[in-house]
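So this block is input_16.cif, mmCIF, C-alpha atoms:
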data_data
#
loop_
_atom_site.label_atom_id
_atom_site.label_comp_id
_atom_site.auth_asym_id
_atom_site.auth_seq_id
_atom_site.Cartn_x
_atom_site.Cartn_y
_atom_site.Cartn_z
CA MET A 17 41.52 -3.98 -10.09
CA ARG A 18 38.12 -5.06 -8.82
CA THR A 19 34.78 -5.97 -10.32
CA ILE A 20 31.26 -6.33 -8.98
CA SER A 21 30.20 -9.67 -7.54
CA GLY A 22 27.07 -9.62 -9.69
CA GLY A 23 24.30 -7.44 -11.01
CA GLY A 24 21.88 -5.54 -8.81
CA GLU A 25 19.88 -2.38 -8.17
CA TYR A 26 19.71 0.32 -5.52
CA GLU A 27 17.22 3.17 -5.28
CA LEU A 28 17.65 6.60 -3.67
CA HIS A 29 14.96 9.22 -3.06
CA ILE A 30 16.21 12.81 -3.04
CA LYS A 31 13.79 15.74 -2.95
CA ARG A 32 11.00 13.68 -4.52
CA SER A 33 13.20 12.44 -7.38
CA ARG A 34 13.90 8.71 -7.66
CA PHE A 35 17.42 7.63 -8.63
CA ILE A 36 17.58 3.92 -9.52
CA CYS A 37 21.09 2.58 -10.10
CA ALA A 38 21.41 -0.74 -11.93
CA LEU A 39 24.77 -2.50 -12.19
CA ALA A 40 25.86 -5.34 -14.46
CA ARG A 41 29.05 -7.24 -15.15
CA VAL A 42 30.06 -6.76 -18.80
CA ALA A 43 32.92 -8.25 -20.78
CA ASP A 44 33.05 -5.78 -23.68
CA GLU A 45 31.45 -2.67 -25.14
CA ASP A 46 28.77 -4.66 -26.94
CA GLU A 47 27.57 -6.12 -23.64
CA ALA A 48 27.72 -2.70 -21.99
CA ARG A 49 25.64 -1.11 -24.76
CA ALA A 50 23.14 -3.97 -24.67
CA PHE A 51 22.68 -3.54 -20.92
CA ILE A 52 22.23 0.22 -21.30
CA ALA A 53 19.68 -0.30 -24.09
CA GLU A 54 17.78 -2.80 -21.95
CA ARG A 55 17.56 -0.34 -19.05
CA ARG A 56 16.41 2.45 -21.33
CA ARG A 57 13.66 0.24 -22.72
CA ALA A 58 12.58 -0.76 -19.21
CA HIS A 59 12.47 2.89 -18.08
CA TRP A 60 11.44 4.58 -21.33
CA ASN A 61 9.29 7.09 -19.44
CA ALA A 62 12.03 8.26 -17.04
CA ALA A 63 13.45 11.77 -17.29
CA HIS A 64 17.01 10.48 -17.73
CA ASN A 65 18.95 7.22 -18.02
CA CYS A 66 22.57 8.24 -17.37
CA THR A 67 25.38 5.76 -17.89
CA ALA A 68 28.97 4.89 -17.16
CA TYR A 69 31.11 1.84 -17.76
CA VAL A 70 34.71 0.70 -17.36
CA LEU A 71 36.28 -2.21 -19.24
CA GLY A 72 39.60 -4.00 -19.55
CA ALA A 73 42.17 -5.59 -17.28
CA ASP A 74 43.57 -2.14 -16.48
CA GLY A 75 40.28 -0.25 -16.74
CA GLY A 76 41.50 1.44 -19.89
CA VAL A 77 38.11 1.71 -21.62
CA GLN A 78 35.91 4.31 -19.91
CA ARG A 79 32.67 5.83 -21.21
CA SER A 80 29.88 7.95 -19.71
CA SER A 81 26.75 9.83 -20.75
CA ASP A 82 24.72 12.57 -19.04
CA ASP A 83 21.62 11.73 -21.14
CA GLY A 84 20.28 15.29 -21.07
CA GLU A 85 21.35 16.30 -17.57
CA PRO A 86 23.65 19.37 -17.43
CA SER A 87 27.08 18.49 -18.78
CA GLY A 88 29.33 16.82 -16.22
CA THR A 89 26.66 16.36 -13.53
CA ALA A 90 25.68 12.70 -14.09
CA GLY A 91 27.82 10.39 -16.23
CA VAL A 92 31.14 11.83 -15.07
CA PRO A 93 30.46 11.51 -11.31
CA MET A 94 29.15 8.00 -11.93
CA LEU A 95 32.36 7.15 -13.78
CA GLU A 96 34.47 8.74 -11.04
CA VAL A 97 32.94 6.41 -8.44
CA LEU A 98 33.80 3.37 -10.57
CA ARG A 99 37.35 4.67 -11.07
CA HIS A 100 37.82 5.56 -7.40
CA ARG A 101 36.76 2.05 -6.37
CA ALA A 102 39.06 0.57 -9.08
CA VAL A 103 36.09 -1.26 -10.64
CA THR A 104 36.33 -2.66 -14.16
CA ASP A 105 34.21 -4.82 -16.47
CA ALA A 106 31.08 -3.22 -15.04
CA ALA A 107 28.35 -0.91 -16.32
CA ALA A 108 26.11 1.42 -14.33
CA VAL A 109 22.83 3.01 -15.39
CA VAL A 110 21.17 5.54 -13.10
CA THR A 111 17.55 6.18 -14.00
CA ARG A 112 16.02 9.41 -12.72
CA TYR A 113 12.32 9.99 -12.30
CA PHE A 114 12.06 13.75 -11.77
CA GLY A 115 10.14 14.77 -8.68
CA GLY A 116 9.61 18.42 -9.55
CA VAL A 117 12.41 19.92 -7.45
CA LYS A 118 15.63 21.00 -9.16
CA LEU A 119 18.80 19.88 -7.37
CA GLY A 120 21.36 22.17 -8.94
CA ALA A 121 24.71 21.01 -10.35
CA GLY A 122 26.19 20.07 -6.98
CA GLY A 123 23.08 18.18 -5.95
CA LEU A 124 23.01 16.23 -9.20
CA ILE A 125 26.68 15.27 -8.88
CA ARG A 126 26.10 14.02 -5.33
CA ALA A 127 22.92 12.18 -6.32
CA TYR A 128 24.30 10.33 -9.34
CA GLY A 129 27.63 9.53 -7.71
CA GLY A 130 25.90 8.52 -4.49
CA ALA A 131 23.52 6.19 -6.30
CA VAL A 132 26.42 4.30 -7.88
CA ALA A 133 28.37 4.18 -4.60
CA ALA A 134 25.35 2.80 -2.73
CA ALA A 135 24.70 0.21 -5.44
CA LEU A 136 28.33 -0.94 -5.31
CA ASP A 137 28.05 -1.34 -1.54
CA GLU A 138 24.84 -3.31 -2.03
CA VAL A 139 26.16 -5.85 -4.56
CA GLY A 140 29.72 -6.10 -3.19
CA LEU A 141 33.09 -6.16 -4.90
CA LEU A 142 35.62 -8.85 -5.76
CA GLU A 143 39.36 -8.24 -6.09
CA ARG A 144 41.12 -9.61 -9.13
CA ARG A 145 44.48 -11.13 -8.31
CA THR A 146 47.07 -12.68 -10.59
CA LEU A 147 48.41 -15.92 -9.12
CA ARG A 148 51.02 -18.41 -10.25
CA VAL A 149 49.80 -21.76 -11.55
CA VAL A 150 51.97 -24.55 -10.18
CA THR A 151 51.70 -28.11 -11.47
CA VAL A 152 52.21 -30.95 -9.00
CA SER A 153 52.78 -34.45 -10.41
CA ALA A 154 52.12 -37.55 -8.32
CA ASP A 155 51.64 -41.29 -8.80
CA TYR A 156 48.24 -42.90 -8.30
CA LEU A 157 49.15 -44.28 -4.87
CA LEU A 158 49.73 -40.77 -3.60
CA ALA A 159 47.15 -38.89 -5.65
CA GLY A 160 44.02 -39.52 -3.57
CA ARG A 161 45.56 -38.34 -0.31
CA LEU A 162 47.23 -35.41 -2.04
CA GLU A 163 44.00 -34.24 -3.68
CA SER A 164 42.17 -34.41 -0.37
CA GLY A 165 44.98 -32.47 1.32
CA LEU A 166 44.95 -29.79 -1.39
CA ARG A 167 41.19 -29.30 -1.10
CA ASP A 168 41.50 -28.88 2.67
CA SER A 169 44.62 -26.72 2.56
CA GLY A 170 43.23 -23.36 1.51
CA TYR A 171 45.19 -23.42 -1.75
CA ARG A 172 43.05 -23.06 -4.87
CA LEU A 173 42.93 -26.33 -6.85
CA LEU A 174 42.24 -25.45 -10.48
CA ASP A 175 42.42 -28.74 -12.36
CA VAL A 176 43.20 -32.46 -11.99
CA ARG A 177 44.48 -34.44 -15.00
CA TYR A 178 44.92 -38.20 -15.22
CA GLY A 179 47.49 -39.92 -17.41
CA ALA A 180 50.53 -42.02 -16.57
CA GLY A 181 50.29 -40.23 -13.24
CA VAL A 182 48.10 -37.47 -11.84
CA ASP A 183 48.80 -33.76 -12.37
CA PHE A 184 47.30 -31.09 -10.13
CA ASP A 185 47.20 -27.41 -11.16
CA VAL A 186 47.17 -25.17 -8.12
CA ALA A 187 46.95 -21.35 -7.92
CA VAL A 188 49.48 -19.86 -5.50
CA ALA A 189 50.40 -16.24 -4.81
CA ASP A 190 54.07 -15.37 -5.45
CA PRO A 191 54.85 -14.70 -1.77
CA ALA A 192 53.33 -18.07 -0.82
CA LEU A 193 55.36 -20.24 -3.20
CA ALA A 194 58.01 -21.17 -0.63
CA GLY A 195 55.32 -22.01 1.91
CA PHE A 196 53.51 -24.15 -0.64
CA GLY A 197 56.70 -26.06 -1.36
CA ALA A 198 57.15 -26.74 2.36
CA TRP A 199 53.52 -27.81 2.72
CA LEU A 200 53.83 -30.15 -0.29
CA ALA A 201 57.02 -31.75 1.02
CA GLU A 202 55.36 -32.43 4.38
CA ALA A 203 52.08 -33.65 2.85
CA THR A 204 53.80 -36.12 0.50
CA GLY A 205 56.86 -37.07 2.52
CA GLY A 206 59.00 -35.45 -0.14
CA ARG A 207 57.63 -37.69 -2.89
CA ALA A 208 56.16 -34.89 -5.04
CA GLY A 209 57.53 -31.63 -6.35
CA TYR A 210 56.07 -28.78 -8.33
CA GLU A 211 56.92 -26.50 -11.22
CA VAL A 212 55.50 -23.10 -12.13
CA SER A 213 53.53 -23.63 -15.34
CA GLY A 214 51.74 -20.32 -15.88
CA SER A 215 49.53 -17.73 -14.26
CA THR A 216 45.83 -17.12 -13.75
CA THR A 217 43.52 -14.37 -12.55
CA VAL A 218 41.11 -15.17 -9.72
CA GLU A 219 38.39 -13.16 -8.01
CA VAL A 220 38.34 -13.05 -4.24
CA ALA A 221 36.49 -11.07 -1.60
CA PRO A 222 38.55 -8.06 -0.43
CA GLU A 223 40.28 -8.40 2.90
CA ARG A 224 38.66 -6.31 5.62
#

Mind converting the file's structure to structure tokens?
Amino acid sequence: MRTISGGGEYELHIKRSRFICALARVADEDEARAFIAERRRAHWNAAHNCTAYVLGADGGVQRSSDDGEPSGTAGVPMLEVLRHRAVTDAAAVVTRYFGGVKLGAGGLIRAYGGAVAAALDEVGLLERRTLRVVTVSADYLLAGRLESGLRDSGYRLLDVRYGAGVDFDVAVADPALAGFGAWLAEATGGRAGYEVSGSTTVEVAPER
């Protein structure tokens, strides 16, 4: 799944109507409803404030509203764009200021879906990936050099804990575990090992 990198707006002009799409990251339905209510207050005089949001690790919570547009011409195409892009934990509100020219069902579907698609392109997306958390234990003599090497290595250093020795939590993709073990052996002269201690979800820019 993916999510948006942050909130933002994008505006389209189609046959004198203005379509303003606002996006926000939301963690639950309360946040989604609060964002929708905020947009409706800000654009109380608009003809329509149509909405769609997707929530959950698997995108299982999906809601949309046409807000007075013909059924299926606004909220559903907005939702379809979010689903097609595999976006979750995000809400979209498209505000329409009517310009006096009717667009017809097909035109409305293209306008509302297009506004969301353009807004997503504008704010950018992040991929959510589940990585293994590996814990590396080292003594204090080795820890400084190891920490510096980890920060320069491209591996994602999550946490450093100090006790009798120093423990480093590092996020590593499953296919890269063997390579990490080889890198660690070379970096420490074989004086440090690792164990898989859990998993974590990280957000990264999609590969192009």

Legend entry - Separation of atom CA of Val212 of chain A from atom CA of Phe184 of chain A, in Å and rounded to one decimal: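 The value is 11.6 Å.
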
Restrict the calculation to all atoms listed in the file, then for each residue of segment 92-152 of chain A with any atom at most 10 Å from an atom of segment 42-66 of chain A give the closest atom pair and their distance in Å to one decimal, rows by chain and rising residue number, as JSON lines.
{"residue": "A:Val92", "atom": "CA", "partner": "A:Cys66", "partner_atom": "CA", "distance": 9.6}
{"residue": "A:Met94", "atom": "CA", "partner": "A:Cys66", "partner_atom": "CA", "distance": 8.5}
{"residue": "A:Thr104", "atom": "CA", "partner": "A:Val42", "partner_atom": "CA", "distance": 8.8}
{"residue": "A:Asp105", "atom": "CA", "partner": "A:Val42", "partner_atom": "CA", "distance": 5.1}
{"residue": "A:Ala106", "atom": "CA", "partner": "A:Val42", "partner_atom": "CA", "distance": 5.3}
{"residue": "A:Ala107", "atom": "CA", "partner": "A:Ala48", "partner_atom": "CA", "distance": 6.0}
{"residue": "A:Ala108", "atom": "CA", "partner": "A:Ile52", "partner_atom": "CA", "distance": 8.1}
{"residue": "A:Val109", "atom": "CA", "partner": "A:Cys66", "partner_atom": "CA", "distance": 5.6}
{"residue": "A:Val110", "atom": "CA", "partner": "A:Cys66", "partner_atom": "CA", "distance": 5.2}
{"residue": "A:Thr111", "atom": "CA", "partner": "A:Asn65", "partner_atom": "CA", "distance": 4.4}
{"residue": "A:Arg112", "atom": "CA", "partner": "A:His64", "partner_atom": "CA", "distance": 5.2}
{"residue": "A:Tyr113", "atom": "CA", "partner": "A:Ala62", "partner_atom": "CA", "distance": 5.1}
{"residue": "A:Phe114", "atom": "CA", "partner": "A:Ala63", "partner_atom": "CA", "distance": 6.0}
{"residue": "A:Gly115", "atom": "CA", "partner": "A:Ala63", "partner_atom": "CA", "distance": 9.7}
{"residue": "A:Tyr128", "atom": "CA", "partner": "A:Cys66", "partner_atom": "CA", "distance": 8.5}

Legend entry - Nearby residues, (55.7, -20.1, -4.3) file frame, 10 Å, all atoms listed in the file, as a ChimeraX atom specification: /A:147-150,187-198,210-212

Which residues of segment 111-190 of chain A come within 7 Å of segment 81-90 of chain A, and for each one, what is the closest pair of atoms and their distance in Å to one decimal, counting all atoms listed in the file, sorted by chain and residue number, as a tab-separated table?
residue	atom	partner	partner_atom	distance
A:Ala121	CA	A:Thr89	CA	6.0
A:Leu124	CA	A:Thr89	CA	5.7
A:Ile125	CA	A:Thr89	CA	4.8
A:Tyr128	CA	A:Ala90	CA	5.5

Legend entry - Minimum-distance residue to Gly160 of chain A, chosen among A:Thr204, A:Ser80, A:Thr19, A:Thr216 (using all atoms listed in the file):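 The closest residue to Gly160 of chain A is A:Thr204.
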
Legend entry - Pick from A:Leu142, A:Leu136, A:Ala159, A:Leu28 nearest to Thr217 of chain A, counting only C-alpha atoms: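 That would be A:Leu142, the residue with the smallest distance to Thr217 of chain A.
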
Inset, instruction - Kindly give the distance, in Å, that separates atom CA of Val218 of chain A and atom CA of Arg145 of chain A, rounded to a single decimal. - result: 5.4 Å

Inset, instruction - For atom CA of Ser213 of chain A and atom CA of Gly75 of chain A, quote the distance in Å rounded to one decimal. - result: 26.9 Å

Inset, instruction - Go through the shown structure with the PyMOL selection byres ((chain A and resi 153) around 6) and write out the matching residues as a PyMOL selection string. - result: chain A and resi 152+154+182-183

Legend entry - Pick from A:Val186, A:Val97, A:Ala221, A:Ala38 nearest to Arg144 of chain A, counting only C-alpha atoms: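 Selected residue with least distance to Arg144 of chain A: A:Ala221.
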